[in-house]
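One structure is given below, encoded as structure tokens.
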Amino acid sequence: MKNRYTYVMSDIHGDFNRFERAIREIDYDEEKDLLYIIGDAIDRGRKNLEMLNYIKTHPAIRFIKGNHELFLEMYLRGDLSAQTYEAYGGSNTRNEIDALTEEQRLEWYRYLNRLPLYAELELGDKAFVLTHSGLHADYMVRNKDATYSVMESIKKAAECAKYSWLISGDIHYMPAKILKSLDKFLIVGHTPCQHLNADESYHIFKNKAYHYICIDGGCQVQENGKLAVLRMEDEKEWYF
């Protein structure tokens with residue numbers, strides 16, 4: 001009997017073909033397994049709404065909002081111009097969304113607006129928080145024991161500065177004394193691992209002493225970009 005597994009990926013960026021290959025080759029079983037996609041499923045690639053529709057219609061997928069989902073939400077609401085959205089990598093998505101009826105666009109807006117910003121996950125005695133960009137340096141919340149509350153810090157940043165938080169790379173530049181004092185382990189995407197690894201590789205960036213890892217392999221962004229997949233139970237990695 002197949003074990004139940006928990007998979008995590010991020011930053012697919014509209015590369016639906018690569019995504020399909022990934023879930024096929026990791027032996028993902030939607031009847032038993034869970035798949036977390038922690039933001040930026042769209043933009044830059046060519047099958048953005050197909051990617052979103054797959055996520056939307058598969059209940060075993062837990063989808064966390066990234067900055068590119070926020071960009072599309074803002075575009076649909078009229079808070080982001082077509083020119084700006086295109087500059088952010090949304091040209092293909094905009095063309096797809098503009099071809100829809102007003103009712104269909106409203107349906108996508110409502111879907112994006114309701115997406116969660118984080119997920120909490122417990123495996124054995126370990127507690128994880130999955131979110132797109134991580135933390136915002138201006139909204140860190142300390143516990144009474146001098147550790148930093150990951151959840152309260154995320155909630156404060158989301159409430160006070162959602163846009164700035166979702167585009168922030170602060171977690172990678174915070175002082176070690178803060179990161180070593182986080183009360184939960186973070187799994188993030190958003191920043192391509194090529195910018196974090198000393199060898200500029202696409203491999204998942206692991207900084208366990210600092211209580212976080214980054215799984216953005218630079219798919220559709222970096223020349224050597226890959227879609228990275230992490231299986232939580234045994235930390236097995238795949239790259240596509």
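Every chain in the structure tokens takes a letter, A first, then B, and so on in the order presented; its residues are numbered from 1, and the ligands are numbered from 1 following the presented order.
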
Residue neighbourhood stretch 62-65 of chain A, 6 Å, only C-alpha atoms, exclusion window fewer than 2 positions, as a list of chain:residue names = A:Tyr36, A:Ile37, A:Ile38, A:Gly39, A:Glu69, A:Leu115, A:Pro116, A:Leu117, A:Tyr118

For A:Gln220, list every protein, DNA or RNA residue within 7 Å, evaluated using only C-alpha atoms, and leave out those in the same chain fewer than 5 positions away; present the list as an mmCIF file with all heavy atoms, in the first residue's frame.
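Now in around.cif:
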data_model
loop_
_atom_site.group_PDB
_atom_site.id
_atom_site.type_symbol
_atom_site.label_atom_id
_atom_site.label_comp_id
_atom_site.auth_asym_id
_atom_site.auth_seq_id
_atom_site.Cartn_x
_atom_site.Cartn_y
_atom_site.Cartn_z
ATOM 1 N N HIS A 13 4.955 29.405 -12.710
ATOM 2 C CA HIS A 13 4.926 30.494 -13.695
ATOM 3 C C HIS A 13 4.364 30.068 -15.051
ATOM 4 O O HIS A 13 4.961 30.314 -16.098
ATOM 5 C CB HIS A 13 6.317 31.099 -13.857
ATOM 6 C CG HIS A 13 6.693 32.011 -12.725
ATOM 7 N ND1 HIS A 13 5.984 33.154 -12.431
ATOM 8 C CD2 HIS A 13 7.688 31.948 -11.805
ATOM 9 C CE1 HIS A 13 6.516 33.749 -11.394
ATOM 10 N NE2 HIS A 13 7.560 33.039 -10.976
ATOM 11 N N ARG A 44 4.444 34.718 -17.099
ATOM 12 C CA ARG A 44 5.648 34.380 -17.860
ATOM 13 C C ARG A 44 5.439 33.193 -18.795
ATOM 14 O O ARG A 44 5.882 33.214 -19.921
ATOM 15 C CB ARG A 44 6.865 34.154 -16.955
ATOM 16 C CG ARG A 44 7.274 35.381 -16.160
ATOM 17 C CD ARG A 44 8.668 35.242 -15.571
ATOM 18 N NE ARG A 44 9.101 36.519 -15.005
ATOM 19 C CZ ARG A 44 8.945 36.864 -13.735
ATOM 20 N NH1 ARG A 44 8.383 36.014 -12.891
ATOM 21 N NH2 ARG A 44 9.342 38.049 -13.311
ATOM 22 N N GLY A 45 4.811 32.133 -18.340
ATOM 23 C CA GLY A 45 4.557 30.971 -19.188
ATOM 24 C C GLY A 45 3.362 31.187 -20.104
ATOM 25 O O GLY A 45 2.772 32.262 -20.139
ATOM 26 N N GLY A 225 16.767 27.494 -15.120
ATOM 27 C CA GLY A 225 15.658 27.307 -14.199
ATOM 28 C C GLY A 225 15.023 25.931 -14.275
ATOM 29 O O GLY A 225 14.936 25.318 -15.340
#

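Every protein or nucleic acid residue with an atom no more than 12 Å from A:Glu159, counting only C-alpha atoms and leaving out same-chain residues fewer than 6 positions away, appears here: Leu117, His136, Tyr139, Glu152, Ser153, Trp165 and Leu166 of chain A.
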
Please provide as JSON, numbers by chain all residues within 12 Å of A:Leu72, with the sequence filter that same-chain residues fewer than 2 positions apart are discarded (counting only C-alpha atoms).
-> {"A": [40, 41, 42, 43, 48, 49, 52, 65, 66, 67, 68, 69, 70, 74, 75, 76, 77, 78, 79, 80, 81, 82, 84, 85, 86, 88, 89, 90, 91, 92, 93, 94, 95, 96, 97, 98, 105, 106, 108, 109, 110, 111, 112, 113]}

Go ahead and save the residues from that selection, with N, CA and C atoms, as a compact mmCIF listing (two decimals), in the first residue's frame.
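The new file again_11.txt reads:
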# COMPACT_ATOMS: atom_id res chain seq x y z
N ASP A 40 2.78 31.93 -7.10
CA ASP A 40 3.31 32.20 -8.43
C ASP A 40 3.14 31.01 -9.38
N ALA A 41 1.91 30.52 -9.45
CA ALA A 41 1.58 29.48 -10.43
C ALA A 41 1.48 30.07 -11.83
N ILE A 42 1.35 31.38 -11.94
CA ILE A 42 1.07 32.03 -13.22
C ILE A 42 2.12 33.07 -13.58
N ASP A 43 1.94 33.59 -14.82
CA ASP A 43 2.75 34.66 -15.43
C ASP A 43 4.06 34.11 -15.99
N ASN A 48 -1.41 29.84 -18.42
CA ASN A 48 -1.64 30.35 -17.08
C ASN A 48 -3.01 30.01 -16.54
N LEU A 49 -4.05 30.24 -17.31
CA LEU A 49 -5.39 29.90 -16.84
C LEU A 49 -5.59 28.40 -16.80
N LEU A 52 -4.13 27.50 -13.50
CA LEU A 52 -5.03 27.86 -12.41
C LEU A 52 -6.26 26.96 -12.36
N LYS A 65 -1.40 32.00 -2.09
CA LYS A 65 -1.25 33.16 -2.97
C LYS A 65 0.18 33.68 -2.99
N GLY A 66 0.68 33.95 -4.20
CA GLY A 66 1.97 34.60 -4.37
C GLY A 66 1.78 36.00 -4.93
N ASN A 67 2.86 36.70 -5.14
CA ASN A 67 2.73 38.07 -5.64
C ASN A 67 2.15 38.12 -7.05
N HIS A 68 2.38 37.08 -7.87
CA HIS A 68 1.82 37.13 -9.21
C HIS A 68 0.32 36.87 -9.22
N GLU A 69 -0.18 36.09 -8.29
CA GLU A 69 -1.64 35.97 -8.15
C GLU A 69 -2.22 37.30 -7.67
N LEU A 70 -1.48 37.98 -6.80
CA LEU A 70 -1.93 39.30 -6.36
C LEU A 70 -1.91 40.28 -7.52
N MET A 74 -5.11 42.35 -8.75
CA MET A 74 -5.11 43.81 -8.84
C MET A 74 -5.47 44.28 -10.25
N TYR A 75 -4.97 43.57 -11.25
CA TYR A 75 -5.31 43.92 -12.64
C TYR A 75 -6.81 43.78 -12.88
N LEU A 76 -7.40 42.70 -12.40
CA LEU A 76 -8.82 42.48 -12.59
C LEU A 76 -9.66 43.51 -11.83
N ARG A 77 -9.13 43.99 -10.71
CA ARG A 77 -9.84 44.99 -9.91
C ARG A 77 -9.64 46.39 -10.46
N GLY A 78 -8.69 46.56 -11.37
CA GLY A 78 -8.42 47.87 -11.94
C GLY A 78 -7.36 48.66 -11.19
N ASP A 79 -6.64 48.00 -10.29
CA ASP A 79 -5.61 48.67 -9.50
C ASP A 79 -4.22 48.52 -10.08
N LEU A 80 -4.10 47.80 -11.18
CA LEU A 80 -2.81 47.61 -11.83
C LEU A 80 -3.03 47.74 -13.33
N SER A 81 -2.29 48.64 -13.95
CA SER A 81 -2.49 48.88 -15.38
C SER A 81 -1.97 47.72 -16.20
N ALA A 82 -2.45 47.63 -17.43
CA ALA A 82 -1.98 46.58 -18.34
C ALA A 82 -0.48 46.70 -18.57
N THR A 84 1.83 47.98 -16.58
CA THR A 84 2.58 47.56 -15.39
C THR A 84 2.52 46.05 -15.23
N TYR A 85 1.34 45.48 -15.44
CA TYR A 85 1.22 44.03 -15.31
C TYR A 85 2.12 43.31 -16.32
N GLU A 86 2.19 43.83 -17.53
CA GLU A 86 3.08 43.24 -18.53
C GLU A 86 4.55 43.37 -18.09
N TYR A 88 5.61 43.26 -15.20
CA TYR A 88 5.80 42.28 -14.12
C TYR A 88 5.78 40.84 -14.63
N GLY A 89 5.69 40.66 -15.95
CA GLY A 89 5.69 39.32 -16.50
C GLY A 89 4.32 38.77 -16.82
N GLY A 90 3.29 39.62 -16.78
CA GLY A 90 1.93 39.13 -16.92
C GLY A 90 1.34 39.24 -18.32
N SER A 91 2.16 39.45 -19.33
CA SER A 91 1.64 39.66 -20.68
C SER A 91 0.76 38.51 -21.17
N ASN A 92 1.25 37.28 -21.06
CA ASN A 92 0.48 36.13 -21.54
C ASN A 92 -0.80 35.93 -20.74
N THR A 93 -0.69 36.10 -19.44
CA THR A 93 -1.87 35.96 -18.59
C THR A 93 -2.90 37.02 -18.93
N ARG A 94 -2.45 38.24 -19.14
CA ARG A 94 -3.39 39.33 -19.48
C ARG A 94 -4.12 39.02 -20.77
N ASN A 95 -3.40 38.51 -21.77
CA ASN A 95 -4.06 38.16 -23.03
C ASN A 95 -5.11 37.08 -22.83
N GLU A 96 -4.80 36.11 -21.97
CA GLU A 96 -5.77 35.04 -21.70
C GLU A 96 -6.99 35.58 -20.96
N ILE A 97 -6.76 36.41 -19.97
CA ILE A 97 -7.86 36.90 -19.14
C ILE A 97 -8.72 37.91 -19.90
N ASP A 98 -8.10 38.69 -20.78
CA ASP A 98 -8.85 39.69 -21.54
C ASP A 98 -9.78 39.06 -22.57
N ARG A 105 -14.26 36.76 -15.86
CA ARG A 105 -13.21 37.53 -15.19
C ARG A 105 -13.56 37.77 -13.73
N LEU A 106 -14.85 38.03 -13.47
CA LEU A 106 -15.29 38.24 -12.10
C LEU A 106 -15.12 36.96 -11.28
N TRP A 108 -12.85 34.64 -11.73
CA TRP A 108 -11.43 34.48 -11.42
C TRP A 108 -10.99 35.48 -10.35
N TYR A 109 -11.52 36.67 -10.39
CA TYR A 109 -11.18 37.66 -9.37
C TYR A 109 -11.59 37.15 -7.99
N ARG A 110 -12.78 36.63 -7.89
CA ARG A 110 -13.27 36.13 -6.60
C ARG A 110 -12.41 34.96 -6.11
N TYR A 111 -12.02 34.11 -7.03
CA TYR A 111 -11.17 32.97 -6.67
C TYR A 111 -9.82 33.45 -6.12
N LEU A 112 -9.19 34.37 -6.83
CA LEU A 112 -7.89 34.88 -6.41
C LEU A 112 -7.98 35.63 -5.09
N ASN A 113 -9.04 36.38 -4.94
CA ASN A 113 -9.23 37.19 -3.73
C ASN A 113 -9.35 36.32 -2.48

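Summary of the local environment: counting only C-alpha atoms, residues at most 6 Å from A:Met232, other than itself and those fewer than 2 positions away along its chain, are Thr6, Asp234 and Glu235 of chain A.
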
Determine which residues of stretch 10-236 of chain A receive a DSSP assignment of alpha helix (DSSP H), computed from the backbone, and state them as an NGL selection string.
-> :A and (16-25 or 48-56 or 67-77 or 82-87 or 91-98 or 102-113 or 150-166 or 176-179)

Shell around A:Phe205 at 9 Å using only C-alpha atoms, local window under 3 positions removed, as number ranges by chain | A: 193-194, 196-197, 202, 212-216

Proximity to A:Gly124 - best of A:Gly169, A:Glu233, A:Val8, A:Leu35, only C-alpha atoms = A:Glu233

Identify, on the basis of only C-alpha atoms, every residue whose closest approach to A:Gly217 does not exceed 9 Å; exclude the query and any residue fewer than 4 positions from it along the same chain; express the result as a list of chain:residue names.
-> A:Ser10, A:Asp11, A:Gly189, A:Thr191, A:Pro192, A:Cys193, A:Gln194, A:Ser201, A:Tyr202, A:His203, A:Ile204, A:Val221, A:Gln222, A:Asn224, A:Gly225, A:Lys226, A:Leu227, A:Ala228, A:Val229, A:Tyr239

Just-selected residues, C-alpha atoms written as an mmCIF file, in the first residue's frame:
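Output (selection.cif):
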data_model
loop_
_atom_site.group_PDB
_atom_site.id
_atom_site.type_symbol
_atom_site.label_atom_id
_atom_site.label_comp_id
_atom_site.auth_asym_id
_atom_site.auth_seq_id
_atom_site.Cartn_x
_atom_site.Cartn_y
_atom_site.Cartn_z
ATOM 1 C CA SER A 10 6.327 26.898 -5.994
ATOM 2 C CA ASP A 11 6.833 29.362 -8.843
ATOM 3 C CA GLY A 189 9.449 30.362 -2.749
ATOM 4 C CA THR A 191 13.380 34.168 -4.772
ATOM 5 C CA PRO A 192 15.104 31.888 -7.302
ATOM 6 C CA CYS A 193 17.587 29.608 -5.562
ATOM 7 C CA GLN A 194 20.160 30.664 -8.148
ATOM 8 C CA SER A 201 22.486 26.258 -8.962
ATOM 9 C CA TYR A 202 18.733 25.659 -9.069
ATOM 10 C CA HIS A 203 18.855 23.236 -6.142
ATOM 11 C CA ILE A 204 16.591 23.831 -3.173
ATOM 12 C CA VAL A 221 12.780 32.944 -14.881
ATOM 13 C CA GLN A 222 16.394 31.765 -14.870
ATOM 14 C CA ASN A 224 19.043 27.238 -15.906
ATOM 15 C CA GLY A 225 15.658 27.307 -14.199
ATOM 16 C CA LYS A 226 13.897 24.183 -13.004
ATOM 17 C CA LEU A 227 10.645 23.345 -11.299
ATOM 18 C CA ALA A 228 11.658 21.984 -7.900
ATOM 19 C CA VAL A 229 9.551 19.534 -5.897
ATOM 20 C CA TYR A 239 13.888 18.871 -10.584
#
